[in-house]
Each structure stands twice: as structure tokens, then as C-alpha cells.
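Pasted below: coords23.pdb, PDB, C-alpha atoms, pLDDT in the B column.
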ATOM      1  CA  MET A   1       0.000   0.000   0.000  1.00 45.00           C
ATOM      2  CA  ARG A   2       2.788   2.429   0.896  1.00 47.00           C
ATOM      3  CA  ARG A   3       4.512   1.809  -2.420  1.00 47.00           C
ATOM      4  CA  ARG A   4       1.235   2.421  -4.267  1.00 44.00           C
ATOM      5  CA  LYS A   5       0.713   5.753  -2.501  1.00 43.00           C
ATOM      6  CA  MET A   6       4.196   6.863  -3.437  1.00 44.00           C
ATOM      7  CA  MET A   7       3.662   5.780  -7.024  1.00 42.00           C
ATOM      8  CA  ASP A   8       0.335   7.632  -7.197  1.00 43.00           C
ATOM      9  CA  GLY A   9       2.094  10.794  -6.075  1.00 44.00           C
ATOM     10  CA  LEU A  10       0.024  11.016  -2.904  1.00 41.00           C
ATOM     11  CA  GLN A  11       3.075  10.755  -0.711  1.00 41.00           C
ATOM     12  CA  THR A  12       6.644  11.907  -1.273  1.00 41.00           C
ATOM     13  CA  ARG A  13       9.834  11.183   0.589  1.00 45.00           C
ATOM     14  CA  HIS A  14       9.507  14.552   2.320  1.00 45.00           C
ATOM     15  CA  ASP A  15       6.069  13.587   3.595  1.00 42.00           C
ATOM     16  CA  GLU A  16       7.469  10.424   5.167  1.00 41.00           C
ATOM     17  CA  ARG A  17       9.662  12.379   7.568  1.00 44.00           C
ATOM     18  CA  PRO A  18       8.134  12.932  10.978  1.00 42.00           C
ATOM     19  CA  PRO A  19       7.540  16.564  11.869  1.00 42.00           C
ATOM     20  CA  ALA A  20      10.827  17.886  13.167  1.00 45.00           C
ATOM     21  CA  ASP A  21      11.849  20.902  15.124  1.00 51.00           C
ATOM     22  CA  GLY A  22      14.326  23.467  13.869  1.00 50.00           C
ATOM     23  CA  GLU A  23      17.410  21.359  14.368  1.00 55.00           C
ATOM     24  CA  HIS A  24      16.283  19.206  11.475  1.00 86.00           C
ATOM     25  CA  LEU A  25      16.023  21.923   8.851  1.00 94.00           C
ATOM     26  CA  SER A  26      17.593  20.994   5.545  1.00 95.00           C
ATOM     27  CA  ARG A  27      20.739  22.762   4.425  1.00 94.00           C
ATOM     28  CA  GLN A  28      18.795  24.725   1.814  1.00 96.00           C
ATOM     29  CA  GLU A  29      16.117  25.711   4.324  1.00 97.00           C
ATOM     30  CA  ARG A  30      18.819  27.054   6.647  1.00 95.00           C
ATOM     31  CA  ARG A  31      20.533  28.899   3.788  1.00 95.00           C
ATOM     32  CA  CYS A  32      17.266  30.487   2.639  1.00 97.00           C
ATOM     33  CA  LEU A  33      16.421  31.578   6.200  1.00 95.00           C
ATOM     34  CA  GLN A  34      19.922  33.009   6.640  1.00 93.00           C
ATOM     35  CA  LEU A  35      19.707  35.012   3.428  1.00 93.00           C
ATOM     36  CA  TYR A  36      16.195  36.179   4.334  1.00 94.00           C
ATOM     37  CA  LEU A  37      17.583  37.379   7.664  1.00 91.00           C
ATOM     38  CA  ASN A  38      20.290  39.242   5.770  1.00 88.00           C
ATOM     39  CA  GLY A  39      17.570  41.218   3.980  1.00 88.00           C
ATOM     40  CA  LEU A  40      17.461  39.475   0.620  1.00 92.00           C
ATOM     41  CA  LYS A  41      14.148  39.184  -1.189  1.00 96.00           C
ATOM     42  CA  ASP A  42      12.940  35.846  -2.582  1.00 96.00           C
ATOM     43  CA  ALA A  43      14.190  36.631  -6.094  1.00 97.00           C
ATOM     44  CA  ASP A  44      17.639  37.607  -4.785  1.00 96.00           C
ATOM     45  CA  ILE A  45      17.856  34.429  -2.688  1.00 96.00           C
ATOM     46  CA  ALA A  46      16.918  32.421  -5.772  1.00 97.00           C
ATOM     47  CA  LYS A  47      19.689  34.049  -7.817  1.00 97.00           C
ATOM     48  CA  ARG A  48      22.259  33.636  -5.047  1.00 95.00           C
ATOM     49  CA  LEU A  49      21.485  29.921  -4.568  1.00 96.00           C
ATOM     50  CA  ASP A  50      20.781  29.225  -8.249  1.00 96.00           C
ATOM     51  CA  LEU A  51      17.236  28.083  -7.491  1.00 97.00           C
ATOM     52  CA  SER A  52      13.837  29.036  -8.818  1.00 97.00           C
ATOM     53  CA  ILE A  53      11.837  31.553  -6.817  1.00 97.00           C
ATOM     54  CA  HIS A  54       9.215  28.839  -6.301  1.00 98.00           C
ATOM     55  CA  THR A  55      11.834  26.564  -4.703  1.00 98.00           C
ATOM     56  CA  VAL A  56      13.024  29.347  -2.406  1.00 98.00           C
ATOM     57  CA  ARG A  57       9.463  29.988  -1.273  1.00 98.00           C
ATOM     58  CA  MET A  58       8.972  26.261  -0.685  1.00 98.00           C
ATOM     59  CA  HIS A  59      12.138  26.093   1.470  1.00 97.00           C
ATOM     60  CA  LEU A  60      11.078  29.126   3.509  1.00 98.00           C
ATOM     61  CA  THR A  61       7.582  27.722   3.985  1.00 97.00           C
ATOM     62  CA  ARG A  62       8.919  24.331   5.076  1.00 97.00           C
ATOM     63  CA  ALA A  63      11.325  25.991   7.495  1.00 97.00           C
ATOM     64  CA  ARG A  64       8.457  28.026   8.923  1.00 97.00           C
ATOM     65  CA  HIS A  65       6.343  24.912   9.410  1.00 97.00           C
ATOM     66  CA  ARG A  66       9.178  22.897  10.952  1.00 96.00           C
ATOM     67  CA  LEU A  67       9.886  25.714  13.376  1.00 96.00           C
ATOM     68  CA  HIS A  68       6.177  25.935  14.205  1.00 96.00           C
ATOM     69  CA  ALA A  69       6.203  29.633  13.289  1.00 96.00           C
ATOM     70  CA  GLN A  70       3.271  31.724  12.102  1.00 96.00           C
ATOM     71  CA  SER A  71       5.412  33.938   9.865  1.00 95.00           C
ATOM     72  CA  ARG A  72       8.841  34.100   8.259  1.00 95.00           C
ATOM     73  CA  VAL A  73       9.908  36.698  10.804  1.00 93.00           C
ATOM     74  CA  GLU A  74       8.939  34.385  13.654  1.00 95.00           C
ATOM     75  CA  ALA A  75      10.793  31.524  11.937  1.00 95.00           C
ATOM     76  CA  VAL A  76      13.931  33.671  11.712  1.00 93.00           C
ATOM     77  CA  ALA A  77      13.597  34.670  15.379  1.00 92.00           C
ATOM     78  CA  LYS A  78      13.227  31.034  16.468  1.00 95.00           C
ATOM     79  CA  ALA A  79      16.144  29.961  14.271  1.00 93.00           C
ATOM     80  CA  LEU A  80      18.325  32.711  15.753  1.00 90.00           C
ATOM     81  CA  ARG A  81      17.396  31.781  19.326  1.00 92.00           C
ATOM     82  CA  SER A  82      18.158  28.127  18.745  1.00 91.00           C
ATOM     83  CA  GLY A  83      21.452  28.829  16.947  1.00 90.00           C
ATOM     84  CA  ILE A  84      20.360  27.380  13.601  1.00 91.00           C
ATOM     85  CA  ILE A  85      21.281  30.623  11.860  1.00 89.00           C
ATOM     86  CA  HIS A  86      23.484  33.472  13.024  1.00 84.00           C
ATOM     87  CA  THR A  87      23.470  37.222  12.790  1.00 80.00           C
ATOM     88  CA  SER A  88      26.267  38.431  10.585  1.00 70.00           C
ATOM     89  CA  LEU A  89      28.589  41.250  11.604  1.00 63.00           C
ATOM     90  CA  ILE A  90      27.458  43.269   8.585  1.00 60.00           C
ATOM     91  CA  LEU A  91      23.828  42.952   9.654  1.00 63.00           C
ATOM     92  CA  LEU A  92      24.706  44.092  13.181  1.00 64.00           C
ATOM     93  CA  LEU A  93      26.605  47.086  11.808  1.00 66.00           C
ATOM     94  CA  ASN A  94      23.673  48.000   9.564  1.00 64.00           C
ATOM     95  CA  LEU A  95      21.242  47.741  12.466  1.00 64.00           C
ATOM     96  CA  SER A  96      23.422  49.849  14.738  1.00 68.00           C
ATOM     97  CA  PHE A  97      23.701  52.463  11.975  1.00 66.00           C
ATOM     98  CA  VAL A  98      19.916  52.560  11.525  1.00 64.00           C
ATOM     99  CA  VAL A  99      19.356  52.766  15.289  1.00 70.00           C
ATOM    100  CA  GLY A 100      21.893  55.609  15.462  1.00 72.00           C
ATOM    101  CA  ILE A 101      20.049  57.534  12.750  1.00 70.00           C
ATOM    102  CA  PHE A 102      16.736  56.896  14.490  1.00 69.00           C
ATOM    103  CA  LEU A 103      18.119  58.164  17.811  1.00 69.00           C
ATOM    104  CA  ASP A 104      19.514  61.274  16.099  1.00 72.00           C
ATOM    105  CA  GLU A 105      16.074  61.922  14.592  1.00 71.00           C
ATOM    106  CA  ILE A 106      14.144  61.585  17.846  1.00 72.00           C
ATOM    107  CA  SER A 107      16.678  63.179  20.228  1.00 71.00           C
ATOM    108  CA  PRO A 108      15.272  66.707  19.693  1.00 71.00           C
ATOM    109  CA  ILE A 109      11.824  65.367  20.555  1.00 68.00           C
ATOM    110  CA  ILE A 110      12.909  63.634  23.751  1.00 62.00           C
TER     111      ILE A 110
END
What is this file in C-alpha cells?
Amino acid sequence: MRRRKMMDGLQTRHDERPPADGEHLSRQERRCLQLYLNGLKDADIAKRLDLSIHTVRMHLTRARHRLHAQSRVEAVAKALRSGIIHTSLILLLNLSFVVGIFLDEISPII
């Protein structure tokens, strides 16, 4: 019966895996999440990894489901907390620059 389901296309190898938490993300799922964290859009991630945009979206959706997240942002936050992906130094510098500009803008108001 199992073989028949697979042959009918009702079940794929991915469907056979038990639901996993974030530690069991595929390499491509981790890479897509990392690039999403770094600010790349789906099309840019696709170009960088030489994948179709549909495949990138599939990887991000699977990562979100495996991390039990409601959104991509929540998936990134959970992946960061669990050490699956890491904040790059460039991202930290960009954030500190933006925060500095924001503080300069609101300092006359405060």
C-alpha cells in the first residue's frame, strides 16, 4: 500500500519524515532563512542559490512549518534563538547604523 501511494504521487519522501523541530532543517532551508535574515528578497535568494523563486518559497515555507512559526519573521527569530542561523557582523553594523540615525532623529523630541 505504501509503495502504491508513493507511485500515485500522494506521498513523497519529504512527507514520510516525521515533523521535526528546527534542528532538522535541511541545508537549503537554513541557507534560505539566513539570506532572508540578511535582507534578501525571494528573487535575490533564488539568484544567489541558483534556485527558482518557487523553490526558495517552498524552502522558507517548510522551514516556517518545521519551526512551528506563524510567519517568516517568527521563523527567523526562532532559528536565531536556537542557533540554527546566526546574525552576521554586517547585519549588526547595519542595524546599529539605523538605530543611530533613528536616535539622532528623535533626540530633539525627547
If I put a ball of radius 12 Å at (25.7, 34.4, 13.0) in the file's coordinates, which residues poke into it when counting only C-alpha atoms, written as a compact mmCIF listing (two decimals) with C-alpha atoms, keeping the file's coordinate frame?
# COMPACT_ATOMS: atom_id res chain seq x y z
CA ARG A 30 18.82 27.05 6.65
CA ARG A 31 20.53 28.90 3.79
CA LEU A 33 16.42 31.58 6.20
CA GLN A 34 19.92 33.01 6.64
CA LEU A 35 19.71 35.01 3.43
CA LEU A 37 17.58 37.38 7.66
CA ASN A 38 20.29 39.24 5.77
CA VAL A 76 13.93 33.67 11.71
CA ALA A 79 16.14 29.96 14.27
CA LEU A 80 18.32 32.71 15.75
CA ARG A 81 17.40 31.78 19.33
CA SER A 82 18.16 28.13 18.74
CA GLY A 83 21.45 28.83 16.95
CA ILE A 84 20.36 27.38 13.60
CA ILE A 85 21.28 30.62 11.86
CA HIS A 86 23.48 33.47 13.02
CA THR A 87 23.47 37.22 12.79
CA SER A 88 26.27 38.43 10.58
CA LEU A 89 28.59 41.25 11.60
CA ILE A 90 27.46 43.27 8.59
CA LEU A 91 23.83 42.95 9.65
CA LEU A 92 24.71 44.09 13.18
How far is it from CA of Ala77 in chain A to CA of Val99 in chain A, in Å with one decimal?
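Taking CA of Ala77 in chain A as the start and CA of Val99 in chain A as the end point, the length is 19.0 Å.
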To one decimal place, how far is CA of Val73 in chain A from CA of Ile106 in chain A in Å?
26.2 Å
From the set A:Arg27, A:Ala43, A:Tyr36, A:Ile53, which residue has the shortest atom-to-atom contact distance to Glu74 in chain A, counting all atoms listed in the file?
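Checking each of A:Arg27, A:Ala43, A:Tyr36, A:Ile53 against Glu74 in chain A, counting all atoms listed in the file, the winner is A:Tyr36.
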